[in-house]
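S.K.: Here you go, data_6.csv (CSV, C-alpha atoms):
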```csv
chain,number,residue,atom,x,y,z
A,18,MET,CA,57.0,89.8,44.2
A,19,PRO,CA,60.4,91.4,43.6
A,20,THR,CA,59.5,94.1,46.1
A,21,THR,CA,58.6,91.5,48.7
A,22,LEU,CA,61.8,89.6,48.0
A,23,PHE,CA,63.8,92.8,48.4
A,24,LYS,CA,62.0,93.5,51.7
A,25,THR,CA,62.7,90.0,53.0
A,26,LYS,CA,66.4,90.2,52.0
A,27,THR,CA,66.7,93.6,53.6
A,28,MET,CA,65.1,92.4,56.8
A,29,ASN,CA,67.3,89.4,56.9
A,30,LYS,CA,70.3,91.7,56.6
A,31,LEU,CA,69.0,93.9,59.4
A,32,LEU,CA,68.4,90.9,61.6
A,33,LEU,CA,71.9,89.6,60.8
A,34,ILE,CA,73.7,92.7,61.9
A,35,PRO,CA,72.9,92.5,65.6
A,36,PHE,CA,73.4,88.7,65.4
A,37,ILE,CA,76.8,89.0,64.0
A,38,PHE,CA,77.7,91.8,66.4
A,39,PHE,CA,76.4,89.7,69.4
A,40,THR,CA,78.3,86.6,68.1
A,41,PHE,CA,81.5,88.7,67.7
A,42,LEU,CA,81.2,90.0,71.3
A,43,ASN,CA,80.4,86.6,72.6
A,44,THR,CA,83.3,84.9,70.9
A,45,ASN,CA,85.5,87.7,71.9
A,46,SER,CA,84.6,87.4,75.6
A,47,GLN,CA,85.2,83.7,75.4
A,48,ASN,CA,88.7,84.2,74.1
A,49,PHE,CA,89.5,87.2,76.3
A,50,LYS,CA,91.9,86.7,79.2
A,51,GLY,CA,93.2,89.1,81.7
A,52,ILE,CA,95.1,89.8,84.8
A,53,ILE,CA,93.9,92.8,86.7
A,54,GLU,CA,95.5,94.4,89.8
A,55,TYR,CA,93.4,96.4,92.2
A,56,GLY,CA,94.2,98.6,95.1
A,57,LYS,CA,92.1,99.6,98.1
A,58,ARG,CA,91.4,102.8,99.9
A,59,SER,CA,88.9,104.2,102.4
A,60,GLU,CA,86.1,106.6,101.3
A,61,GLU,CA,86.5,110.1,102.5
A,62,LYS,CA,86.1,110.3,106.3
A,63,VAL,CA,82.7,111.4,107.4
A,64,LEU,CA,81.8,111.1,111.0
A,65,THR,CA,78.7,109.1,111.7
A,66,LYS,CA,76.1,110.0,114.3
A,67,GLU,CA,77.7,107.5,116.6
A,68,ASP,CA,81.1,109.0,116.1
A,69,ILE,CA,79.8,112.5,116.8
A,70,LYS,CA,78.1,111.3,120.0
A,71,ARG,CA,81.3,109.4,121.2
A,72,LYS,CA,83.5,112.4,120.4
A,73,LYS,CA,81.3,114.6,122.7
A,74,GLU,CA,80.8,112.0,125.5
A,75,ASN,CA,84.2,110.3,125.5
A,76,PRO,CA,86.8,112.2,123.5
A,77,GLU,CA,89.6,109.8,124.5
A,78,LYS,CA,87.7,106.7,123.3
A,79,HIS,CA,86.9,108.6,120.1
A,80,LYS,CA,90.7,109.3,119.6
A,81,ARG,CA,91.5,105.6,120.1
A,82,PHE,CA,88.9,104.6,117.5
A,83,GLN,CA,90.1,107.2,115.0
A,84,LYS,CA,93.6,105.9,115.5
A,85,MET,CA,92.5,102.4,114.6
A,86,ASN,CA,90.7,103.8,111.5
A,87,SER,CA,93.9,105.7,110.5
A,88,MET,CA,95.9,102.5,110.9
A,89,TYR,CA,93.6,100.6,108.6
A,90,ALA,CA,93.6,103.4,106.0
A,91,GLU,CA,97.5,103.4,106.1
A,92,GLY,CA,97.6,99.6,105.8
A,93,GLU,CA,95.1,99.5,102.9
A,94,LYS,CA,97.6,101.5,100.8
A,95,LYS,CA,99.9,98.5,100.7
A,96,LEU,CA,97.3,96.0,99.6
A,97,ILE,CA,97.2,94.6,96.1
A,98,PHE,CA,94.5,92.2,94.8
A,99,LYS,CA,94.8,90.1,91.7
A,100,LEU,CA,91.9,89.2,89.5
A,101,LYS,CA,92.7,86.4,87.0
A,102,ILE,CA,90.2,85.7,84.2
A,103,ASP,CA,90.2,82.9,81.6
A,104,ASN,CA,87.7,80.8,79.9
A,105,ASN,CA,84.7,82.6,81.5
A,106,ALA,CA,86.0,81.9,85.0
A,107,SER,CA,87.7,84.2,87.5
A,108,ASN,CA,89.8,84.0,90.6
A,109,PHE,CA,90.3,87.0,92.9
A,110,LYS,CA,92.6,87.1,95.9
A,111,MET,CA,94.9,89.4,97.8
A,112,LYS,CA,98.7,89.2,97.2
A,113,PRO,CA,100.5,88.0,100.4
A,114,LEU,CA,101.7,90.8,102.6
A,115,LEU,CA,105.4,91.2,103.3
A,116,LYS,CA,106.2,90.4,106.9
A,117,SER,CA,106.7,93.5,109.0
A,118,VAL,CA,110.2,93.9,110.6
A,119,ASN,CA,108.9,94.2,114.1
A,120,SER,CA,106.5,91.3,113.6
A,121,LYS,CA,103.6,93.5,114.8
A,122,LYS,CA,100.2,92.7,113.5
A,123,GLN,CA,99.6,94.6,110.2
A,124,LEU,CA,96.2,96.3,109.9
A,125,GLY,CA,94.8,96.9,106.4
A,126,PRO,CA,93.0,93.8,105.1
A,127,GLY,CA,89.3,93.9,105.9
A,128,PRO,CA,87.2,90.9,107.0
A,129,TYR,CA,86.7,89.6,103.5
A,130,ASP,CA,90.0,90.6,101.9
A,131,ARG,CA,91.9,87.4,102.8
A,132,GLY,CA,89.2,85.2,101.1
A,133,ILE,CA,89.6,83.5,97.7
A,134,TYR,CA,86.8,84.3,95.3
A,135,PHE,CA,86.0,82.0,92.4
A,136,ASN,CA,83.4,82.8,89.7
A,137,LYS,CA,82.1,80.9,86.8
A,138,ASP,CA,78.4,80.5,86.3
A,139,PHE,CA,78.3,80.4,90.1
A,140,ARG,CA,80.0,82.5,92.9
A,141,ILE,CA,82.0,81.0,95.8
A,142,LEU,CA,84.2,82.4,98.5
A,143,GLN,CA,86.7,80.4,100.5
A,144,LEU,CA,87.1,82.2,103.9
A,145,ASN,CA,89.0,81.4,107.1
A,146,ALA,CA,86.6,82.7,109.8
A,147,PHE,CA,86.4,81.9,113.5
A,148,GLY,CA,89.4,79.6,113.1
A,149,GLU,CA,87.6,77.4,110.5
A,150,LEU,CA,87.8,77.2,106.7
A,151,PHE,CA,84.5,77.8,104.9
A,152,LEU,CA,83.4,77.4,101.3
A,153,ILE,CA,80.5,79.9,100.9
A,154,SER,CA,78.2,79.8,97.9
A,155,LYS,CA,76.9,83.3,97.1
A,156,PRO,CA,73.6,84.3,95.4
A,157,LYS,CA,73.4,85.7,91.9
A,158,LEU,CA,73.5,89.4,91.7
A,159,ILE,CA,70.8,91.6,90.2
A,160,TRP,CA,72.2,94.9,88.8
A,161,LYS,CA,70.7,98.3,87.9
A,162,ILE,CA,72.7,100.1,85.3
A,163,TYR,CA,72.6,103.9,85.1
A,164,LYS,CA,73.4,106.5,82.4
A,165,GLU,CA,75.8,108.1,84.8
A,166,ASN,CA,79.4,107.6,83.7
A,167,LYS,CA,82.9,108.6,84.6
A,168,LYS,CA,86.3,108.1,83.1
A,169,ILE,CA,88.8,105.7,84.8
A,170,GLY,CA,92.1,105.8,82.9
A,171,ASN,CA,91.2,105.6,79.3
A,172,TYR,CA,87.9,103.9,79.8
A,173,VAL,CA,84.5,105.4,80.1
A,174,CYS,CA,82.7,103.5,82.9
A,175,LEU,CA,79.0,103.2,83.6
A,176,LYS,CA,77.6,103.1,87.0
A,177,ALA,CA,75.7,100.0,88.3
A,178,THR,CA,74.3,99.2,91.7
A,179,THR,CA,73.2,96.0,93.4
A,180,GLU,CA,71.7,95.4,96.8
A,181,ILE,CA,73.0,92.7,99.0
A,182,SER,CA,71.9,91.2,102.3
A,183,ILE,CA,74.7,91.7,104.7
A,184,ASN,CA,73.6,89.9,107.9
A,185,SER,CA,71.3,87.4,109.4
A,186,GLN,CA,68.8,90.2,110.2
A,187,GLY,CA,68.5,90.8,106.4
A,188,SER,CA,69.9,94.3,106.5
A,189,LYS,CA,70.6,95.5,103.0
A,190,GLU,CA,73.6,97.4,101.6
A,191,LEU,CA,73.9,99.1,98.3
A,192,ILE,CA,77.1,98.3,96.3
A,193,THR,CA,78.2,100.5,93.5
A,194,ALA,CA,80.3,99.3,90.6
A,195,TRP,CA,81.9,101.2,87.7
A,196,PHE,CA,82.3,99.0,84.7
A,197,THR,CA,83.5,99.5,81.1
A,198,PRO,CA,81.6,97.8,78.3
A,199,LYS,CA,84.8,98.2,76.2
A,200,ILE,CA,86.3,95.2,78.0
A,201,PRO,CA,83.8,92.3,77.6
A,202,LEU,CA,84.8,90.5,80.8
A,203,SER,CA,81.9,90.3,83.3
A,204,PHE,CA,84.0,90.0,86.5
A,205,GLY,CA,85.4,92.3,89.2
A,206,PRO,CA,86.8,92.5,92.7
A,207,LEU,CA,85.5,90.4,95.6
A,208,GLY,CA,83.5,88.1,93.4
A,209,TYR,CA,81.2,90.8,92.0
A,210,ASP,CA,80.2,89.8,88.5
A,211,GLY,CA,77.4,89.7,85.9
A,212,LEU,CA,77.8,93.1,84.3
A,213,PRO,CA,78.4,93.6,80.6
A,214,GLY,CA,82.0,94.7,81.1
A,215,LEU,CA,84.9,94.6,83.5
A,216,ILE,CA,84.4,96.4,86.9
A,217,LEU,CA,87.2,98.9,87.2
A,218,GLU,CA,86.0,100.3,90.5
A,219,LEU,CA,83.9,98.9,93.3
A,220,GLU,CA,82.5,100.9,96.3
A,221,ILE,CA,81.6,98.7,99.2
A,222,HIS,CA,81.1,99.4,102.9
A,223,LYS,CA,83.0,102.7,102.8
A,224,LYS,CA,85.9,101.2,100.9
A,225,ILE,CA,86.9,101.5,97.3
A,226,TYR,CA,88.6,98.8,95.2
A,227,PHE,CA,90.2,100.5,92.2
A,228,VAL,CA,92.1,99.2,89.2
A,229,LYS,CA,95.8,99.7,89.3
A,230,LYS,CA,97.1,97.6,86.4
A,231,LEU,CA,95.3,96.0,83.5
A,232,THR,CA,96.9,93.3,81.4
A,233,LEU,CA,94.6,91.9,78.7
A,234,ASN,CA,95.2,88.7,76.7
A,235,PRO,CA,98.7,88.1,78.2
A,236,LYS,CA,100.8,85.4,76.6
A,237,GLU,CA,101.3,83.6,79.9
A,238,GLN,CA,99.0,80.9,81.0
A,239,ILE,CA,96.4,82.0,83.4
A,240,LYS,CA,95.3,79.7,86.2
A,241,THR,CA,91.9,80.4,87.7
A,242,GLY,CA,91.9,77.6,90.3
A,243,MET,CA,88.7,76.8,92.1
A,244,PRO,CA,89.0,76.5,95.9
A,245,THR,CA,87.5,73.2,97.0
A,246,LYS,CA,88.4,72.9,100.7
A,247,GLY,CA,86.2,74.1,103.5
A,248,VAL,CA,82.8,73.6,105.2
A,249,LYS,CA,80.3,74.1,102.4
A,250,LEU,CA,77.6,76.6,103.3
A,251,THR,CA,75.3,79.1,101.6
A,252,GLU,CA,75.8,82.7,102.4
A,253,LYS,CA,72.7,82.7,104.6
A,254,GLU,CA,73.9,79.7,106.5
A,255,PHE,CA,77.3,81.4,107.1
A,256,GLN,CA,75.5,84.5,108.3
A,257,LYS,CA,73.6,82.4,110.8
A,258,VAL,CA,76.9,80.8,112.0
A,259,SER,CA,78.4,84.3,112.4
A,260,SER,CA,75.4,85.5,114.3
A,261,GLY,CA,75.4,82.5,116.6
A,262,THR,CA,79.1,82.9,117.4
A,263,LEU,CA,78.6,86.6,118.1
A,264,ASP,CA,75.6,85.9,120.3
A,265,LYS,CA,77.5,83.2,122.3
A,266,PHE,CA,80.3,85.7,122.8
A,267,ARG,CA,77.9,88.4,123.9
A,268,LYS,CA,76.3,86.2,126.5
A,269,ASN,CA,79.6,84.9,127.8
A,270,ARG,CA,80.8,88.4,128.3
A,271,GLY,CA,77.5,89.6,129.8
A,272,TYR,CA,76.8,92.2,127.1
B,289,MET,CA,95.2,93.4,134.8
B,290,LEU,CA,96.5,92.7,131.3
B,291,ALA,CA,96.1,89.6,129.2
B,292,THR,CA,99.3,87.9,128.2
B,293,GLY,CA,98.3,87.3,124.6
B,294,GLY,CA,95.9,85.7,122.2
B,295,THR,CA,92.7,86.6,120.5
B,296,LEU,CA,89.2,87.4,121.6
B,297,MET,CA,88.3,83.8,121.0
B,298,ASN,CA,91.0,82.6,123.4
B,299,ALA,CA,90.1,85.3,125.9
B,300,THR,CA,86.5,84.2,126.0
B,301,ASN,CA,87.4,80.6,126.8
B,302,SER,CA,90.2,81.3,129.2
B,303,SER,CA,90.5,82.6,132.7
B,304,VAL,CA,93.3,85.1,131.8
B,305,PRO,CA,92.4,88.4,133.3
B,306,ILE,CA,92.0,91.2,130.8
B,307,ARG,CA,91.5,94.9,131.0
B,308,VAL,CA,87.7,95.3,131.1
B,309,ASP,CA,87.6,98.7,129.6
B,310,CYS,CA,89.8,97.6,126.7
B,311,PHE,CA,87.5,94.7,126.1
B,312,GLN,CA,84.5,97.0,126.1
B,313,ASP,CA,86.3,99.3,123.6
B,314,ALA,CA,87.0,96.3,121.3
B,315,TRP,CA,83.3,95.3,121.5
B,316,ASP,CA,82.2,98.8,120.8
B,317,TYR,CA,84.7,99.3,117.9
B,318,GLY,CA,83.6,96.1,116.2
B,319,THR,CA,79.9,96.6,116.6
B,320,ASN,CA,79.9,100.3,115.7
B,321,LEU,CA,81.7,99.6,112.4
B,322,GLY,CA,78.6,97.6,111.5
B,323,GLY,CA,78.3,95.4,108.5
B,324,SER,CA,77.9,91.7,108.8
B,325,GLU,CA,78.2,89.8,112.1
B,326,TYR,CA,81.4,88.3,110.8
B,327,ALA,CA,82.8,91.8,110.0
B,328,GLN,CA,81.8,92.9,113.6
B,329,TRP,CA,83.7,90.0,115.0
B,330,PHE,CA,86.7,90.6,112.8
B,331,TYR,CA,87.1,94.2,113.7
B,332,MET,CA,86.5,93.5,117.4
B,333,ASN,CA,89.2,90.8,117.3
B,334,GLU,CA,91.7,93.0,115.5
B,335,TYR,CA,91.1,95.9,118.0
B,336,TYR,CA,91.6,93.5,120.9
B,337,GLU,CA,94.8,92.1,119.4
B,338,THR,CA,96.2,95.5,118.6
B,339,ASN,CA,95.3,97.3,121.8
B,340,CYS,CA,94.4,94.9,124.6
B,341,VAL,CA,97.2,92.2,124.6
```
Write out the structure in this file as C-alpha cells.

M.R.:
Amino acid sequence: MPTTLFKTKTMNKLLLIPFIFFTFLNTNSQNFKGIIEYGKRSEEKVLTKEDIKRKKENPEKHKRFQKMNSMYAEGEKKLIFKLKIDNNASNFKMKPLLKSVNSKKQLGPGPYDRGIYFNKDFRILQLNAFGELFLISKPKLIWKIYKENKKIGNYVCLKATTEISINSQGSKELITAWFTPKIPLSFGPLGYDGLPGLILELEIHKKIYFVKKLTLNPKEQIKTGMPTKGVKLTEKEFQKVSSGTLDKFRKNRGY
Amino acid sequence: MLATGGTLMNATNSSVPIRVDCFQDAWDYGTNLGGSEYAQWFYMNEYYETNCV
C-alpha cells in the first residue's frame, strides 16, 4: 500500500510538471505585449527562365524590367512595418511613407504591403484594391515545423513552412517562417500566425520581411484596432473578383 | 501617342491614346512576375504609371 501511494504521488508530481509549465507559458503569452518593427528586402536576384529568354530575344525590354525590379529593391529599403500585439490579438501595417520631394510615384510597397492585417482567433486583411476597400477573411494556416534552425539577433529560430493558395486557379506557394519559441507570441508579418513563437523572418514570393526592432512588454498602451470597413469577402471570393477584373481587362485590350 | 496621365484602369475605360508597346510591356511585366491575379494587376498598374504616362 505505501508503495502504491508513493507511486501515485510521484505520478501526480510528474503529471503536474508539464501542466505547471504549460500554464506558465499560457499565462505568460496572455500577458505578453509587444511592438515589433520589420523591414523588407528582395531575395538574391536569380533570373527565371522567362528572364533568360527575354534577355536573349529582347535585351532592351529585359533592361527595362530589370530597372523596375531595381527600383522596387531600392524602395523596399525604406519600408518599415509595425506589428502590435496585445491580449492575444495583433495588428500589422506599414508605416506611412514620407512624401517624395519631386512628387514622383515611389516604388517599394508590394501589392499586399499597404493592407492592414488583424489577427485574433481569426485572420482578416483590409485592402484597397481596384479602387475599392475590401475586408478579406483568410483561412487558418497549417504549419510544418523543422529541426533546421538559425540565429537571428540573440534568438535561435526554427524553420516552419506553410502552403497557401495564391490565385483562383488554386496555384500553391510555399511560405517559410523563422520563429523563436523564446517569445511566446504566435504572430508575425502580413498576418502570418499560429506558430509557437514570434516570427522574426518571413520569406514570401521572393521577398523577405525581417525583424528590425523588438520591444517586449512596453509600458505604453498598445492598440490593436480591428479594421471593420470594406466589402466583406473570403480570400477565395477576393481571388475570383481579381481574376474577373484581370480577365475583363485582358478581353478589352484584346490580349 | 502618349497618354496624358492616369492608371491602367482609367486607360481601359477611356479613349486616350497610349503607347501600345508600353502597354504591352506593362502587361508582360505584371503577368511575368506571377503571384495572385491581384498582384499581377498591381505590378502591371505600377509599371504603367511609372513608364507609360

S.K.: Using all atoms listed in the file, I'd like every residue of chain B that has an atom within 8 Å of chain A; please write them out as a ChimeraX atom specification.

M.R.: /B:297,300,313,317,320,323-327,329-331,334-335,338

S.K.: Between CA of Asp210 (chain A) and CA of Leu231 (chain A), what distance in Å does the model show, to one decimal?

M.R.: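 Atom-to-atom, CA of Asp210 (chain A) and CA of Leu231 (chain A) are spaced 17.1 Å apart.
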
S.K.: Between CA of Ile153 (chain A) and CA of Tyr226 (chain A), what distance in Å does the model show, to one decimal?

M.R.: 21.3 Å

S.K.: Which of these residues is nearest to Asn166 (chain A), using only C-alpha atoms: A:Phe109, A:Phe196, A:Phe98, A:Tyr89?

M.R.: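 Closest to Asn166 (chain A), using only C-alpha atoms: A:Phe196.
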
S.K.: Skip Thr179 (chain A) itself and residues of its chain fewer than 3 positions away, then list as a PyMOL selection string all residues within 10 Å of it, counting only C-alpha atoms.

M.R.: chain A and resi 158-162+189-194+209

S.K.: Store the residues picked out above, limited to C-alpha atoms, as a PDB file, in the coordinates of the input.

M.R.:
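So out.pdb came out as:
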```pdb
ATOM      1  CA  LEU A 158      73.500  89.400  91.700  1.00  0.00           C
ATOM      2  CA  ILE A 159      70.800  91.600  90.200  1.00  0.00           C
ATOM      3  CA  TRP A 160      72.200  94.900  88.800  1.00  0.00           C
ATOM      4  CA  LYS A 161      70.700  98.300  87.900  1.00  0.00           C
ATOM      5  CA  ILE A 162      72.700 100.100  85.300  1.00  0.00           C
ATOM      6  CA  LYS A 189      70.600  95.500 103.000  1.00  0.00           C
ATOM      7  CA  GLU A 190      73.600  97.400 101.600  1.00  0.00           C
ATOM      8  CA  LEU A 191      73.900  99.100  98.300  1.00  0.00           C
ATOM      9  CA  ILE A 192      77.100  98.300  96.300  1.00  0.00           C
ATOM     10  CA  THR A 193      78.200 100.500  93.500  1.00  0.00           C
ATOM     11  CA  ALA A 194      80.300  99.300  90.600  1.00  0.00           C
ATOM     12  CA  TYR A 209      81.200  90.800  92.000  1.00  0.00           C
TER      13      TYR A 209
END
```

S.K.: Report as a list in words all protein, DNA and RNA residues lying within 9 Å of Met243 (chain A), evaluated on only C-alpha atoms, omitting residues in the same chain fewer than 5 positions from it.

M.R.: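 So, after excluding close chain neighbours, the residues are Ser107, Asn108, Ile133, Tyr134, Phe135, Asn136 and Ile141 of chain A.
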
S.K.: May I have the residues within 8 Å of Leu217 (chain A) as a ChimeraX atom specification, using only C-alpha atoms and disregarding those fewer than 3 positions away in the same chain?

M.R.: /A:169,174,194-197,205,227-228

S.K.: Can you measure CA of Thr178 (chain A) to CA of Gly211 (chain A) for me? One decimal in Å is fine.

M.R.: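 Answer for the CA of Thr178 (chain A) to CA of Gly211 (chain A) separation: 11.6 Å.
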